Amino acid sequence: MKLIQLVNSFESFIKLSKQDLPVKISFKYKGLVREVMTIVEDFEKVRNDLFNKYQATYNQKNNTFEFKDAESKNAWQKEVSSLLETEIDLKFEPIPLSLIAENNIKLSSLDLTLLDWLIIDDIKE
């Protein structure tokens, strides 16, 4: 999977990781939670380093970063886009959708879509 997929699904992943799952399942996935959090934290650090490299300043009023010129912004975007295309290899067993349903875990359609790399649909209709 690419880093962009993990970054885009991170909030949904955290939402799922905070749910009460059977203890065996929680134990089984705690390593994955640690690994995902480390990867996303590393991405955020590199992204912030790139903000510094291109002398971007944070505008609290607009909740945005501002660059000194368009060239700097384009260079930053190019580097971040390239970083997000990085292939990452997570070792895990997918979570069956039936397990989520059996435990009355509430996830939105968007969450399920974003977590399609983690959740396998094993429910037969």
# chains A, B, ... in the order shown; residues from 1 in each chain; ligands from 1
$ residues_around --residues "Ser12 of chain A" --least-positions-apart "6" --cutoff "10 Å" --atoms "only C-alpha atoms" --output "ChimeraX atom specification"
/A:6,18,107-108,110-115
$ select_by_dssp --residues "chain A" --states "strand (DSSP E or B)" --output "list in words"
Lys2, Thr57, Tyr58, Asn59, Thr64, Phe65, Glu66, Glu87, Ile95, Pro96, Ile119 and Ile120 of chain A
$ residues_around --residues "Thr38 of chain A" --least-positions-apart "4" --cutoff "12 Å" --atoms "only C-alpha atoms" --output "PyMOL selection string"
chain A and resi 6-7+10+31-34+42-45+90
$ residues_around --residues "Ile4 of chain A" --least-positions-apart "4" --cutoff "9 Å" --atoms "only C-alpha atoms" --output "PyMOL selection string"
chain A and resi 8-9+81+83-86
$ atom_distance --atom1 "atom CA of Arg47 of chain A" --atom2 "atom CA of Val80 of chain A"
6.7 Å
$ residues_around --residues "segment 67-75 of chain A" --least-positions-apart "2" --cutoff "9 Å" --atoms "only C-alpha atoms" --output "list of chain:residue names"
A:Phe51, A:Tyr54, A:Gln55, A:Ala56, A:Thr57, A:Phe65, A:Gln77, A:Lys78, A:Glu79, A:Val80
$ closest_residue --among "A:Ser26, A:Asn103, A:Ser17, A:Ser98" --to "Asp122 of chain A" --atoms "only C-alpha atoms"
A:Ser98
$ select_by_dssp --residues "chain A" --states "helix (DSSP H, G or I)" --output "CSV table (one decimal) with N, CA and C atoms, in the first residue's frame"
chain,number,residue,atom,x,y,z
A,3,LEU,N,1.8,5.2,1.2
A,3,LEU,CA,1.7,6.0,2.4
A,3,LEU,C,0.5,6.9,2.4
A,4,ILE,N,0.1,7.4,1.2
A,4,ILE,CA,-1.1,8.3,1.1
A,4,ILE,C,-2.3,7.6,1.6
A,5,GLN,N,-2.5,6.3,1.3
A,5,GLN,CA,-3.7,5.6,1.8
A,5,GLN,C,-3.7,5.5,3.3
A,6,LEU,N,-2.5,5.2,3.9
A,6,LEU,CA,-2.5,5.1,5.3
A,6,LEU,C,-2.7,6.5,6.0
A,7,VAL,N,-2.1,7.5,5.4
A,7,VAL,CA,-2.3,8.9,6.0
A,7,VAL,C,-3.8,9.3,5.9
A,8,ASN,N,-4.4,9.0,4.7
A,8,ASN,CA,-5.8,9.4,4.5
A,8,ASN,C,-6.8,8.6,5.4
A,9,SER,N,-6.4,7.4,5.8
A,9,SER,CA,-7.3,6.6,6.6
A,9,SER,C,-6.9,6.7,8.1
A,10,PHE,N,-6.0,7.5,8.5
A,10,PHE,CA,-5.5,7.5,9.8
A,10,PHE,C,-6.5,7.8,10.9
A,11,GLU,N,-7.4,8.8,10.6
A,11,GLU,CA,-8.4,9.1,11.6
A,11,GLU,C,-9.4,8.0,11.8
A,12,SER,N,-9.8,7.3,10.7
A,12,SER,CA,-10.7,6.2,10.8
A,12,SER,C,-10.0,5.0,11.5
A,13,PHE,N,-8.7,4.8,11.2
A,13,PHE,CA,-7.9,3.8,11.9
A,13,PHE,C,-7.9,4.0,13.4
A,14,ILE,N,-7.7,5.3,13.8
A,14,ILE,CA,-7.7,5.6,15.3
A,14,ILE,C,-9.0,5.4,15.9
A,15,LYS,N,-10.1,5.8,15.1
A,15,LYS,CA,-11.4,5.6,15.6
A,15,LYS,C,-11.7,4.1,15.8
A,16,LEU,N,-11.3,3.2,14.9
A,16,LEU,CA,-11.5,1.8,15.1
A,16,LEU,C,-10.6,1.3,16.2
A,17,SER,N,-9.4,1.8,16.4
A,17,SER,CA,-8.5,1.3,17.4
A,17,SER,C,-9.0,1.6,18.8
A,23,VAL,N,-10.6,-9.1,23.7
A,23,VAL,CA,-9.3,-8.9,24.1
A,23,VAL,C,-8.2,-9.6,23.2
A,24,LYS,N,-8.6,-10.7,22.7
A,24,LYS,CA,-7.6,-11.5,21.8
A,24,LYS,C,-7.4,-10.7,20.6
A,25,ILE,N,-8.4,-10.1,20.0
A,25,ILE,CA,-8.3,-9.3,18.8
A,25,ILE,C,-7.5,-8.0,19.1
A,26,SER,N,-7.8,-7.3,20.2
A,26,SER,CA,-7.1,-6.1,20.6
A,26,SER,C,-5.6,-6.4,20.7
A,27,PHE,N,-5.3,-7.5,21.4
A,27,PHE,CA,-3.9,-7.9,21.6
A,27,PHE,C,-3.2,-8.2,20.3
A,28,LYS,N,-3.9,-8.8,19.4
A,28,LYS,CA,-3.4,-9.2,18.1
A,28,LYS,C,-3.0,-8.0,17.2
A,29,TYR,N,-3.8,-6.9,17.4
A,29,TYR,CA,-3.6,-5.7,16.5
A,29,TYR,C,-2.8,-4.6,17.2
A,30,LYS,N,-2.4,-4.8,18.5
A,30,LYS,CA,-1.7,-3.7,19.1
A,30,LYS,C,-0.4,-3.3,18.5
A,31,GLY,N,0.3,-4.3,17.9
A,31,GLY,CA,1.5,-4.1,17.2
A,31,GLY,C,1.3,-3.3,15.9
A,32,LEU,N,0.2,-3.6,15.2
A,32,LEU,CA,-0.2,-2.8,14.0
A,32,LEU,C,-0.5,-1.4,14.4
A,33,VAL,N,-1.2,-1.2,15.5
A,33,VAL,CA,-1.5,0.2,15.9
A,33,VAL,C,-0.2,1.0,16.2
A,34,ARG,N,0.7,0.4,16.9
A,34,ARG,CA,2.0,1.0,17.1
A,34,ARG,C,2.7,1.4,15.8
A,35,GLU,N,2.7,0.4,14.9
A,35,GLU,CA,3.5,0.6,13.7
A,35,GLU,C,2.8,1.7,12.8
A,36,VAL,N,1.5,1.7,12.7
A,36,VAL,CA,0.8,2.7,12.0
A,36,VAL,C,1.0,4.1,12.6
A,37,MET,N,0.9,4.2,13.9
A,37,MET,CA,1.2,5.5,14.6
A,37,MET,C,2.6,6.0,14.3
A,38,THR,N,3.6,5.1,14.4
A,38,THR,CA,4.9,5.5,14.1
A,38,THR,C,5.1,6.0,12.7
A,39,ILE,N,4.6,5.3,11.7
A,39,ILE,CA,4.7,5.7,10.3
A,39,ILE,C,4.1,7.1,10.1
A,40,VAL,N,2.9,7.3,10.6
A,40,VAL,CA,2.2,8.6,10.4
A,40,VAL,C,2.9,9.7,11.2
A,41,GLU,N,3.4,9.4,12.4
A,41,GLU,CA,4.2,10.4,13.1
A,41,GLU,C,5.5,10.8,12.3
A,42,ASP,N,6.2,9.7,11.7
A,42,ASP,CA,7.4,10.0,10.9
A,42,ASP,C,7.0,10.8,9.7
A,43,PHE,N,5.9,10.5,9.1
A,43,PHE,CA,5.4,11.4,7.9
A,43,PHE,C,5.2,12.8,8.3
A,44,GLU,N,4.5,13.0,9.4
A,44,GLU,CA,4.3,14.4,9.9
A,44,GLU,C,5.6,15.1,10.2
A,45,LYS,N,6.6,14.4,10.8
A,45,LYS,CA,7.8,15.1,11.1
A,45,LYS,C,8.5,15.5,9.8
A,46,VAL,N,8.6,14.6,8.8
A,46,VAL,CA,9.2,14.9,7.5
A,46,VAL,C,8.4,16.1,6.8
A,47,ARG,N,7.1,16.0,6.9
A,47,ARG,CA,6.3,17.1,6.2
A,47,ARG,C,6.6,18.4,6.9
A,48,ASN,N,6.7,18.4,8.2
A,48,ASN,CA,7.0,19.7,8.9
A,48,ASN,C,8.4,20.1,8.6
A,49,ASP,N,9.4,19.2,8.5
A,49,ASP,CA,10.7,19.6,8.1
A,49,ASP,C,10.7,20.2,6.7
A,50,LEU,N,9.9,19.7,5.8
A,50,LEU,CA,9.7,20.4,4.5
A,50,LEU,C,9.1,21.7,4.6
A,51,PHE,N,8.2,21.9,5.5
A,51,PHE,CA,7.6,23.3,5.7
A,51,PHE,C,8.8,24.2,6.1
A,52,ASN,N,9.6,23.8,7.0
A,52,ASN,CA,10.8,24.6,7.4
A,52,ASN,C,11.8,24.8,6.3
A,53,LYS,N,12.0,23.8,5.5
A,53,LYS,CA,13.0,23.9,4.4
A,53,LYS,C,12.5,24.9,3.4
A,70,ALA,N,5.3,31.2,-5.0
A,70,ALA,CA,4.7,30.0,-5.6
A,70,ALA,C,5.7,28.9,-5.9
A,71,GLU,N,6.9,29.3,-6.2
A,71,GLU,CA,7.9,28.3,-6.5
A,71,GLU,C,8.2,27.5,-5.3
A,72,SER,N,8.3,28.1,-4.1
A,72,SER,CA,8.5,27.3,-2.9
A,72,SER,C,7.3,26.4,-2.6
A,73,LYS,N,6.1,26.9,-2.8
A,73,LYS,CA,4.9,26.1,-2.5
A,73,LYS,C,4.9,24.9,-3.5
A,74,ASN,N,5.2,25.1,-4.8
A,74,ASN,CA,5.2,24.0,-5.8
A,74,ASN,C,6.3,23.0,-5.4
A,75,ALA,N,7.4,23.4,-5.0
A,75,ALA,CA,8.5,22.5,-4.6
A,75,ALA,C,8.1,21.7,-3.4
A,76,TRP,N,7.5,22.3,-2.4
A,76,TRP,CA,7.0,21.6,-1.2
A,76,TRP,C,6.0,20.6,-1.6
A,77,GLN,N,5.0,21.0,-2.5
A,77,GLN,CA,4.0,20.0,-2.9
A,77,GLN,C,4.6,18.8,-3.7
A,78,LYS,N,5.6,19.1,-4.5
A,78,LYS,CA,6.2,18.0,-5.3
A,78,LYS,C,6.9,17.0,-4.3
A,79,GLU,N,7.6,17.5,-3.3
A,79,GLU,CA,8.3,16.6,-2.4
A,79,GLU,C,7.3,15.8,-1.6
A,80,VAL,N,6.3,16.5,-1.1
A,80,VAL,CA,5.3,15.8,-0.2
A,80,VAL,C,4.5,14.8,-1.1
A,81,SER,N,4.2,15.1,-2.3
A,81,SER,CA,3.5,14.2,-3.2
A,81,SER,C,4.3,12.9,-3.4
A,82,SER,N,5.6,13.2,-3.7
A,82,SER,CA,6.5,12.1,-3.9
A,82,SER,C,6.6,11.2,-2.6
A,83,LEU,N,6.7,11.8,-1.5
A,83,LEU,CA,6.8,11.1,-0.2
A,83,LEU,C,5.5,10.2,0.0
A,84,LEU,N,4.3,10.8,-0.3
A,84,LEU,CA,3.1,10.1,-0.2
A,84,LEU,C,2.9,8.9,-1.1
A,97,LEU,N,-15.2,-8.2,8.6
A,97,LEU,CA,-16.3,-7.3,8.8
A,97,LEU,C,-17.3,-7.9,9.8
A,98,SER,N,-17.4,-9.2,9.7
A,98,SER,CA,-18.4,-9.9,10.7
A,98,SER,C,-18.0,-9.7,12.1
A,99,LEU,N,-16.7,-9.6,12.4
A,99,LEU,CA,-16.2,-9.3,13.8
A,99,LEU,C,-16.7,-7.9,14.2
A,100,ILE,N,-16.6,-7.0,13.3
A,100,ILE,CA,-17.0,-5.6,13.6
A,100,ILE,C,-18.5,-5.6,13.8
A,101,ALA,N,-19.3,-6.3,13.0
A,101,ALA,CA,-20.7,-6.3,13.1
A,101,ALA,C,-21.1,-7.0,14.4
A,102,GLU,N,-20.5,-8.2,14.7
A,102,GLU,CA,-20.8,-8.9,15.9
A,102,GLU,C,-20.6,-8.2,17.2
A,109,SER,N,-19.8,4.7,6.6
A,109,SER,CA,-19.4,4.2,5.3
A,109,SER,C,-18.1,4.7,4.8
A,110,LEU,N,-17.8,6.0,5.2
A,110,LEU,CA,-16.5,6.6,4.8
A,110,LEU,C,-15.4,5.9,5.6
A,111,ASP,N,-15.6,5.6,6.8
A,111,ASP,CA,-14.6,4.9,7.6
A,111,ASP,C,-14.3,3.5,6.9
A,112,LEU,N,-15.3,2.8,6.6
A,112,LEU,CA,-15.2,1.5,6.0
A,112,LEU,C,-14.4,1.6,4.6
A,113,THR,N,-14.8,2.6,3.9
A,113,THR,CA,-14.1,2.8,2.6
A,113,THR,C,-12.6,3.1,2.8
A,114,LEU,N,-12.3,4.0,3.7
A,114,LEU,CA,-10.9,4.4,4.0
A,114,LEU,C,-10.1,3.2,4.6
$ atom_distance --atom1 "atom CA of Asp121 of chain A" --atom2 "atom CA of Asp20 of chain A"
19.6 Å
